[in-house]
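Participant: Please see the structure below; I have some questions.
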Amino acid sequence: MEMWLGEAQIKDAVMTYKVKETLVTKKTPYQELAIVDTYALGRMLLLDGIVQTSIEDEYVYHEMIAHIPLFTHPNPKKVLVVGGGDGGSIREILKHPSVEKAVLCEIDQVVIDECKRYLPEISCALDDERCEIFIGDGIKYVHEHKNEFDVIIVDSTDPFGAAEGLFGGSFYKEISECLTEDGIFVAQTESPFYLPEVVKRVYNDAKAVFPVTKLFMAGIPTYPSGYWSFTVGSKKLDPEYAEIDNKYDIENLKYYNKRLHKASFVLPQFIEKLTRDGK
Ligand code: SAM
């Protein structure tokens with residue numbers, strides 16, 4: 001019998017995947033978790049029915065969310081990931097030789113455990129000695145750590161439930177205080193095609209806090225519309241004009257390169273407009 005998984009992240013549009021096998025389903029204290037194996041995209045993590053990552057396309061999201069801020073910063077030593085329990089961002093962060101410590105602050109231990117079990121290609125760096133795992137709410141963690149991180153990556157679920165407070169002005173103010181003086185942060189900020197009002201609001205909230213605010217894009221097949229935005233807030237460094245050409249290269253990346261780093265900030269008209277309109 002054929003089994004199809006429908007993901008309705010957007011109210012009136014559903015993405016469907018043909019399922020080979022359901023590997024695990026669990027109700028955690030925070031969300032419903034499932035890991036399924038699909039024909040088109042391999043194993044896939046879902047939280048509350050929403051696709052978080054898949055073996056076949058995860059590199060786009062994880063390379064872009066990590067390498068844009070880490071190549072922008074001249075000497076990133078301490079990095080914080082809020083969310084990101086699948087471990088993909090940590091794997092990419094630890095490819096940078098200057099990084100001495102990467103803290104993962106994930107609210108849900110079950111996500112980490114099941115990703116270690118079923119998605120080892122993504123979670124493989126979580127046992128690295130430079131990675132410290134903290135189980136708890138990212139909002140509280142950021143509030144309790146001042147002037148500590150060179151780079152902060154908000155690798156969260158969508159802006160509902162436990163992740164709601166991770167999108168918005170008061171959290172960005174706390175992030176700014178948690179960063180060092182030339183610190184930079186990046187967050188995944190949804191589809192400008194389906195959720196332009198979220199992209200615009202988040203951009204304006206970040207702009208009210210950070211001297212440099214930029215939006216960049218990546219093509220991610222499993223996310224609604226395939227067209228995904230990331231918002232950067234930075235105290236000094238401009239990621240679009242960062243001096244990256246003479247920096248080291250990282251071997252075997254599948255999406256990020258230094259030309260793309262700059263090009264990803266060139267926005268189509270309808271997205272650029274979201275960053276221009278003001279509130
Ligand atoms: N790449 C993904 C995406 O955009 O679909 C995000 C993946 S990662 C699995 C998201 C993680 O954020 C989840 O494991 C969730 O438990 C975690 N999370 C949500 N709210 C959080 C909070 N307030 N503090 C820390 N982690 C949180």
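Ordered as shown in the structure tokens, chains take letters A, B, and onward, while each chain numbers its residues from 1 and ligands are numbered from 1 in the order shown.
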Any chance you could list, as a PDB file with C-alpha atoms, in the first residue's frame, the residues in region 55-250 of chain A that come up strand (DSSP E) when DSSP is run on the backbone?

Facilitator:
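Final output, selection_4.pdb:
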```pdb
ATOM      1  CA  LYS A  78      32.317  31.320  20.869  1.00  0.00           C
ATOM      2  CA  VAL A  79      29.066  30.514  19.094  1.00  0.00           C
ATOM      3  CA  LEU A  80      25.548  29.921  20.458  1.00  0.00           C
ATOM      4  CA  VAL A  81      22.802  28.009  18.658  1.00  0.00           C
ATOM      5  CA  VAL A  82      19.270  28.484  19.997  1.00  0.00           C
ATOM      6  CA  GLY A  83      17.130  25.494  18.967  1.00  0.00           C
ATOM      7  CA  LYS A 101      33.217  26.458  21.842  1.00  0.00           C
ATOM      8  CA  ALA A 102      29.752  26.011  20.327  1.00  0.00           C
ATOM      9  CA  VAL A 103      26.844  25.917  22.787  1.00  0.00           C
ATOM     10  CA  LEU A 104      23.579  24.304  21.703  1.00  0.00           C
ATOM     11  CA  CYS A 105      20.609  25.541  23.759  1.00  0.00           C
ATOM     12  CA  GLU A 106      17.709  23.261  22.811  1.00  0.00           C
ATOM     13  CA  CYS A 131      30.149  21.338  21.607  1.00  0.00           C
ATOM     14  CA  GLU A 132      28.339  21.970  24.895  1.00  0.00           C
ATOM     15  CA  ILE A 133      24.667  21.003  25.067  1.00  0.00           C
ATOM     16  CA  PHE A 134      22.330  22.928  27.374  1.00  0.00           C
ATOM     17  CA  ILE A 135      18.736  21.739  27.681  1.00  0.00           C
ATOM     18  CA  PHE A 149      29.117  35.069  22.105  1.00  0.00           C
ATOM     19  CA  ASP A 150      30.696  36.244  18.839  1.00  0.00           C
ATOM     20  CA  VAL A 151      27.942  34.630  16.786  1.00  0.00           C
ATOM     21  CA  ILE A 152      24.378  33.606  17.742  1.00  0.00           C
ATOM     22  CA  ILE A 153      22.294  31.423  15.421  1.00  0.00           C
ATOM     23  CA  VAL A 154      18.561  31.141  16.054  1.00  0.00           C
ATOM     24  CA  ASP A 155      17.762  27.789  14.432  1.00  0.00           C
ATOM     25  CA  LEU A 179      26.772  39.201  21.833  1.00  0.00           C
ATOM     26  CA  THR A 180      30.322  40.535  22.097  1.00  0.00           C
ATOM     27  CA  GLU A 181      31.017  44.056  20.792  1.00  0.00           C
ATOM     28  CA  ASP A 182      31.409  43.046  17.134  1.00  0.00           C
ATOM     29  CA  GLY A 183      28.918  40.184  17.432  1.00  0.00           C
ATOM     30  CA  ILE A 184      26.498  39.046  14.739  1.00  0.00           C
ATOM     31  CA  PHE A 185      23.284  37.019  14.844  1.00  0.00           C
ATOM     32  CA  VAL A 186      21.237  35.203  12.235  1.00  0.00           C
ATOM     33  CA  ALA A 187      17.777  33.645  12.410  1.00  0.00           C
ATOM     34  CA  GLN A 188      15.691  31.576  10.032  1.00  0.00           C
ATOM     35  CA  VAL A 212      23.338  46.560  10.569  1.00  0.00           C
ATOM     36  CA  THR A 213      20.296  44.490   9.523  1.00  0.00           C
ATOM     37  CA  LYS A 214      20.240  42.375   6.350  1.00  0.00           C
ATOM     38  CA  LEU A 215      18.090  39.711   4.764  1.00  0.00           C
ATOM     39  CA  PHE A 216      19.467  36.868   2.675  1.00  0.00           C
ATOM     40  CA  MET A 217      17.823  34.029   0.778  1.00  0.00           C
ATOM     41  CA  ALA A 218      18.401  30.344   0.039  1.00  0.00           C
ATOM     42  CA  GLY A 219      16.498  27.747  -2.010  1.00  0.00           C
ATOM     43  CA  TYR A 227      12.170  30.151  -1.049  1.00  0.00           C
ATOM     44  CA  TRP A 228      13.549  30.852   2.421  1.00  0.00           C
ATOM     45  CA  SER A 229      14.663  33.992   4.247  1.00  0.00           C
ATOM     46  CA  PHE A 230      17.254  34.500   6.960  1.00  0.00           C
ATOM     47  CA  THR A 231      17.615  37.757   8.893  1.00  0.00           C
ATOM     48  CA  VAL A 232      20.975  39.010  10.132  1.00  0.00           C
ATOM     49  CA  GLY A 233      21.441  41.549  12.926  1.00  0.00           C
ATOM     50  CA  SER A 234      24.948  42.795  13.513  1.00  0.00           C
TER      51      SER A 234
END
```

Participant: Residues within 8 Å of ligand 1 should be enumerated using only C-alpha atoms and all ligand atoms and returned as an MDAnalysis selection string.

Facilitator: chainID A and resid 30:31 45 47 50:53 58 61:62 82:86 105:109 111:112 135:139 155:158 161:166 188 190 223

Participant: Any idea what the distance is between CA of Tyr194 (chain A) and CA of Lys254 (chain A)?

Facilitator: 26.4 Å

Participant: Do a neighbour search on Ala263 (chain A) at 12 Å with only C-alpha atoms, toss out local chain neighbours closer than 3 positions, and write the hits as a list in words.

Facilitator: Ile68, Leu215, Phe216, Met217, Ala218, Pro239, Glu240, Tyr241, Tyr256, Asn257, Lys258, Arg259, Leu260, Val266, Leu267 and Pro268 of chain A

Participant: Please dump the current selection as a compact mmCIF listing (two decimals), in the first residue's frame; keep all heavy atoms.

Facilitator:
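out37.txt, freshly written:
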```
# COMPACT_ATOMS: atom_id res chain seq x y z
N ILE A 68 27.35 32.01 6.64
CA ILE A 68 27.23 33.47 6.40
C ILE A 68 27.75 34.24 7.62
O ILE A 68 28.66 35.07 7.49
CB ILE A 68 25.78 33.86 6.03
CG1 ILE A 68 25.37 33.24 4.68
CG2 ILE A 68 25.58 35.37 6.07
CD1 ILE A 68 25.73 33.99 3.43
N LEU A 215 18.86 40.93 5.04
CA LEU A 215 18.09 39.71 4.76
C LEU A 215 18.80 38.95 3.66
O LEU A 215 19.27 39.57 2.71
CB LEU A 215 16.72 40.14 4.26
CG LEU A 215 15.62 39.13 4.38
CD1 LEU A 215 14.85 39.45 5.67
CD2 LEU A 215 14.65 39.27 3.22
N PHE A 216 18.94 37.64 3.80
CA PHE A 216 19.47 36.87 2.68
C PHE A 216 18.57 35.67 2.41
O PHE A 216 17.76 35.29 3.26
CB PHE A 216 20.94 36.50 2.88
CG PHE A 216 21.23 35.49 3.97
CD1 PHE A 216 21.25 34.13 3.70
CD2 PHE A 216 21.52 35.90 5.27
CE1 PHE A 216 21.54 33.20 4.69
CE2 PHE A 216 21.82 34.98 6.26
CZ PHE A 216 21.83 33.63 5.98
N MET A 217 18.74 35.08 1.22
CA MET A 217 17.82 34.03 0.78
C MET A 217 18.58 32.75 0.43
O MET A 217 19.74 32.79 0.05
CB MET A 217 17.09 34.48 -0.50
CG MET A 217 16.24 35.70 -0.37
SD MET A 217 14.85 35.47 0.73
CE MET A 217 14.00 34.10 -0.06
N ALA A 218 17.87 31.62 0.53
CA ALA A 218 18.40 30.34 0.04
C ALA A 218 17.23 29.52 -0.49
O ALA A 218 16.09 29.69 -0.06
CB ALA A 218 19.12 29.60 1.16
N PRO A 239 27.50 41.71 6.70
CA PRO A 239 27.75 40.42 6.06
C PRO A 239 27.78 40.51 4.53
O PRO A 239 28.44 39.70 3.87
CB PRO A 239 26.59 39.55 6.52
CG PRO A 239 25.50 40.52 6.89
CD PRO A 239 26.20 41.74 7.40
N GLU A 240 27.09 41.50 3.98
CA GLU A 240 27.05 41.61 2.51
C GLU A 240 28.41 42.08 1.96
O GLU A 240 28.80 41.69 0.86
CB GLU A 240 25.94 42.60 2.10
CG GLU A 240 25.71 42.63 0.61
CD GLU A 240 24.52 43.50 0.22
OE1 GLU A 240 23.86 44.08 1.10
OE2 GLU A 240 24.27 43.59 -1.00
N TYR A 241 29.12 42.91 2.71
CA TYR A 241 30.39 43.47 2.22
C TYR A 241 31.57 42.98 3.05
O TYR A 241 32.62 43.60 3.07
CB TYR A 241 30.30 45.00 2.24
CG TYR A 241 29.15 45.49 1.38
CD1 TYR A 241 27.99 46.00 1.96
CD2 TYR A 241 29.20 45.38 -0.01
CE1 TYR A 241 26.92 46.39 1.17
CE2 TYR A 241 28.13 45.77 -0.79
CZ TYR A 241 26.99 46.28 -0.20
OH TYR A 241 25.93 46.65 -0.98
N TYR A 256 27.07 26.53 0.00
CA TYR A 256 27.74 27.82 0.26
C TYR A 256 29.04 27.94 -0.50
O TYR A 256 29.83 26.99 -0.55
CB TYR A 256 28.02 27.95 1.76
CG TYR A 256 28.81 29.21 2.12
CD1 TYR A 256 28.16 30.37 2.52
CD2 TYR A 256 30.20 29.23 2.03
CE1 TYR A 256 28.88 31.52 2.83
CE2 TYR A 256 30.92 30.38 2.34
CZ TYR A 256 30.25 31.51 2.74
OH TYR A 256 30.96 32.64 3.04
N ASN A 257 29.27 29.11 -1.13
CA ASN A 257 30.62 29.49 -1.54
C ASN A 257 30.70 31.01 -1.39
O ASN A 257 29.70 31.67 -1.09
CB ASN A 257 30.98 29.00 -2.95
CG ASN A 257 30.10 29.61 -4.02
OD1 ASN A 257 29.80 30.80 -4.01
ND2 ASN A 257 29.67 28.78 -4.96
N LYS A 258 31.90 31.57 -1.57
CA LYS A 258 32.07 32.99 -1.25
C LYS A 258 31.35 33.91 -2.24
O LYS A 258 30.92 35.00 -1.87
CB LYS A 258 33.55 33.31 -1.16
CG LYS A 258 34.16 32.69 0.10
CD LYS A 258 35.65 32.83 0.13
CE LYS A 258 36.20 32.17 1.39
NZ LYS A 258 37.67 32.05 1.34
N ARG A 259 31.20 33.48 -3.49
CA ARG A 259 30.43 34.30 -4.44
C ARG A 259 28.96 34.29 -4.05
O ARG A 259 28.29 35.32 -4.07
CB ARG A 259 30.61 33.76 -5.87
CG ARG A 259 31.89 34.22 -6.53
CD ARG A 259 32.24 33.40 -7.74
NE ARG A 259 32.57 32.02 -7.33
CZ ARG A 259 32.00 30.94 -7.79
NH1 ARG A 259 31.08 31.01 -8.71
NH2 ARG A 259 32.36 29.74 -7.36
N LEU A 260 28.48 33.11 -3.67
CA LEU A 260 27.08 32.99 -3.26
C LEU A 260 26.81 33.78 -1.97
O LEU A 260 25.72 34.34 -1.78
CB LEU A 260 26.72 31.52 -3.05
CG LEU A 260 25.25 31.29 -2.69
CD1 LEU A 260 24.37 31.47 -3.92
CD2 LEU A 260 25.04 29.91 -2.11
N VAL A 266 21.38 39.80 -2.57
CA VAL A 266 20.71 40.51 -3.66
C VAL A 266 19.28 39.98 -3.73
O VAL A 266 19.05 38.80 -4.00
CB VAL A 266 21.43 40.28 -5.01
CG1 VAL A 266 20.71 41.03 -6.13
CG2 VAL A 266 22.89 40.73 -4.90
N LEU A 267 18.31 40.84 -3.44
CA LEU A 267 16.94 40.37 -3.25
C LEU A 267 16.04 40.72 -4.43
O LEU A 267 16.17 41.80 -5.02
CB LEU A 267 16.35 41.02 -1.99
CG LEU A 267 17.15 40.80 -0.70
CD1 LEU A 267 16.56 41.62 0.44
CD2 LEU A 267 17.18 39.32 -0.32
N PRO A 268 15.13 39.81 -4.78
CA PRO A 268 14.10 40.15 -5.77
C PRO A 268 13.28 41.34 -5.28
O PRO A 268 13.18 41.56 -4.07
CB PRO A 268 13.24 38.89 -5.83
CG PRO A 268 14.04 37.82 -5.21
CD PRO A 268 14.97 38.46 -4.24
```

Participant: Would you give me, as number ranges by chain, the residues in region 130-209 of chain A that DSSP reads as helix (DSSP H, G or I)?

Facilitator: A: 138-144, 161-166, 169-178, 196-207

Participant: Deliver the residues from the most recent selection as a file, using N, CA and C atoms, as a compact mmCIF listing (two decimals), in the first residue's frame.

Facilitator:
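Okay, out_39.txt is ready:
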```txt
# COMPACT_ATOMS: atom_id res chain seq x y z
N GLY A 138 15.79 28.93 25.20
CA GLY A 138 16.77 29.87 24.65
C GLY A 138 16.56 31.29 25.15
N ILE A 139 15.32 31.66 25.44
CA ILE A 139 15.04 33.03 25.88
C ILE A 139 15.73 33.27 27.24
N LYS A 140 15.59 32.29 28.13
CA LYS A 140 16.18 32.40 29.47
C LYS A 140 17.72 32.35 29.36
N TYR A 141 18.21 31.45 28.51
CA TYR A 141 19.67 31.29 28.38
C TYR A 141 20.31 32.60 27.90
N VAL A 142 19.72 33.18 26.88
CA VAL A 142 20.27 34.42 26.32
C VAL A 142 20.22 35.54 27.37
N HIS A 143 19.12 35.60 28.12
CA HIS A 143 18.97 36.62 29.17
C HIS A 143 20.07 36.50 30.24
N GLU A 144 20.47 35.25 30.50
CA GLU A 144 21.44 35.02 31.60
C GLU A 144 22.90 35.06 31.17
N GLY A 161 4.07 28.38 19.65
CA GLY A 161 4.42 27.55 20.81
C GLY A 161 5.71 28.05 21.45
N ALA A 162 6.62 27.08 21.78
CA ALA A 162 7.85 27.42 22.52
C ALA A 162 8.73 28.40 21.76
N ALA A 163 8.59 28.45 20.43
CA ALA A 163 9.48 29.30 19.62
C ALA A 163 8.92 30.70 19.40
N GLU A 164 7.70 30.95 19.85
CA GLU A 164 7.07 32.24 19.56
C GLU A 164 7.93 33.42 20.04
N GLY A 165 8.45 33.30 21.26
CA GLY A 165 9.25 34.39 21.84
C GLY A 165 10.62 34.55 21.20
N LEU A 166 10.99 33.64 20.29
CA LEU A 166 12.30 33.73 19.63
C LEU A 166 12.24 34.65 18.41
N GLY A 169 11.20 41.84 18.88
CA GLY A 169 12.06 42.90 19.37
C GLY A 169 12.68 42.66 20.74
N SER A 170 11.88 42.17 21.71
CA SER A 170 12.46 42.06 23.05
C SER A 170 13.54 40.97 23.07
N PHE A 171 13.33 39.89 22.30
CA PHE A 171 14.36 38.84 22.24
C PHE A 171 15.61 39.36 21.51
N TYR A 172 15.43 40.15 20.47
CA TYR A 172 16.59 40.66 19.72
C TYR A 172 17.42 41.61 20.58
N LYS A 173 16.75 42.32 21.51
CA LYS A 173 17.48 43.19 22.42
C LYS A 173 18.36 42.32 23.35
N GLU A 174 17.78 41.23 23.83
CA GLU A 174 18.55 40.32 24.70
C GLU A 174 19.71 39.69 23.92
N ILE A 175 19.44 39.35 22.64
CA ILE A 175 20.49 38.76 21.80
C ILE A 175 21.64 39.76 21.67
N SER A 176 21.30 41.02 21.45
CA SER A 176 22.32 42.05 21.28
C SER A 176 23.20 42.12 22.53
N GLU A 177 22.58 42.02 23.70
CA GLU A 177 23.34 42.09 24.96
C GLU A 177 24.16 40.83 25.20
N CYS A 178 23.74 39.73 24.63
CA CYS A 178 24.45 38.44 24.79
C CYS A 178 25.67 38.36 23.86
N PRO A 196 4.87 37.05 4.02
CA PRO A 196 5.60 38.32 3.91
C PRO A 196 5.47 39.20 5.16
N GLU A 197 4.32 39.10 5.83
CA GLU A 197 4.14 39.97 7.02
C GLU A 197 5.07 39.55 8.15
N VAL A 198 5.36 38.23 8.26
CA VAL A 198 6.31 37.76 9.30
C VAL A 198 7.71 38.25 8.96
N VAL A 199 8.11 38.10 7.68
CA VAL A 199 9.45 38.52 7.25
C VAL A 199 9.63 40.01 7.51
N LYS A 200 8.63 40.79 7.18
CA LYS A 200 8.71 42.24 7.33
C LYS A 200 8.78 42.65 8.82
N ARG A 201 7.94 42.00 9.62
CA ARG A 201 7.91 42.34 11.04
C ARG A 201 9.24 42.01 11.72
N VAL A 202 9.74 40.80 11.42
CA VAL A 202 11.00 40.37 12.04
C VAL A 202 12.15 41.27 11.60
N TYR A 203 12.16 41.62 10.31
CA TYR A 203 13.23 42.50 9.80
C TYR A 203 13.18 43.85 10.53
N ASN A 204 11.99 44.41 10.66
CA ASN A 204 11.87 45.71 11.33
C ASN A 204 12.20 45.63 12.81
N ASP A 205 11.82 44.52 13.44
CA ASP A 205 12.16 44.34 14.86
C ASP A 205 13.68 44.27 15.04
N ALA A 206 14.35 43.55 14.13
CA ALA A 206 15.83 43.45 14.22
C ALA A 206 16.46 44.80 13.93
N LYS A 207 15.90 45.51 12.95
CA LYS A 207 16.45 46.82 12.56
C LYS A 207 16.36 47.84 13.69
```
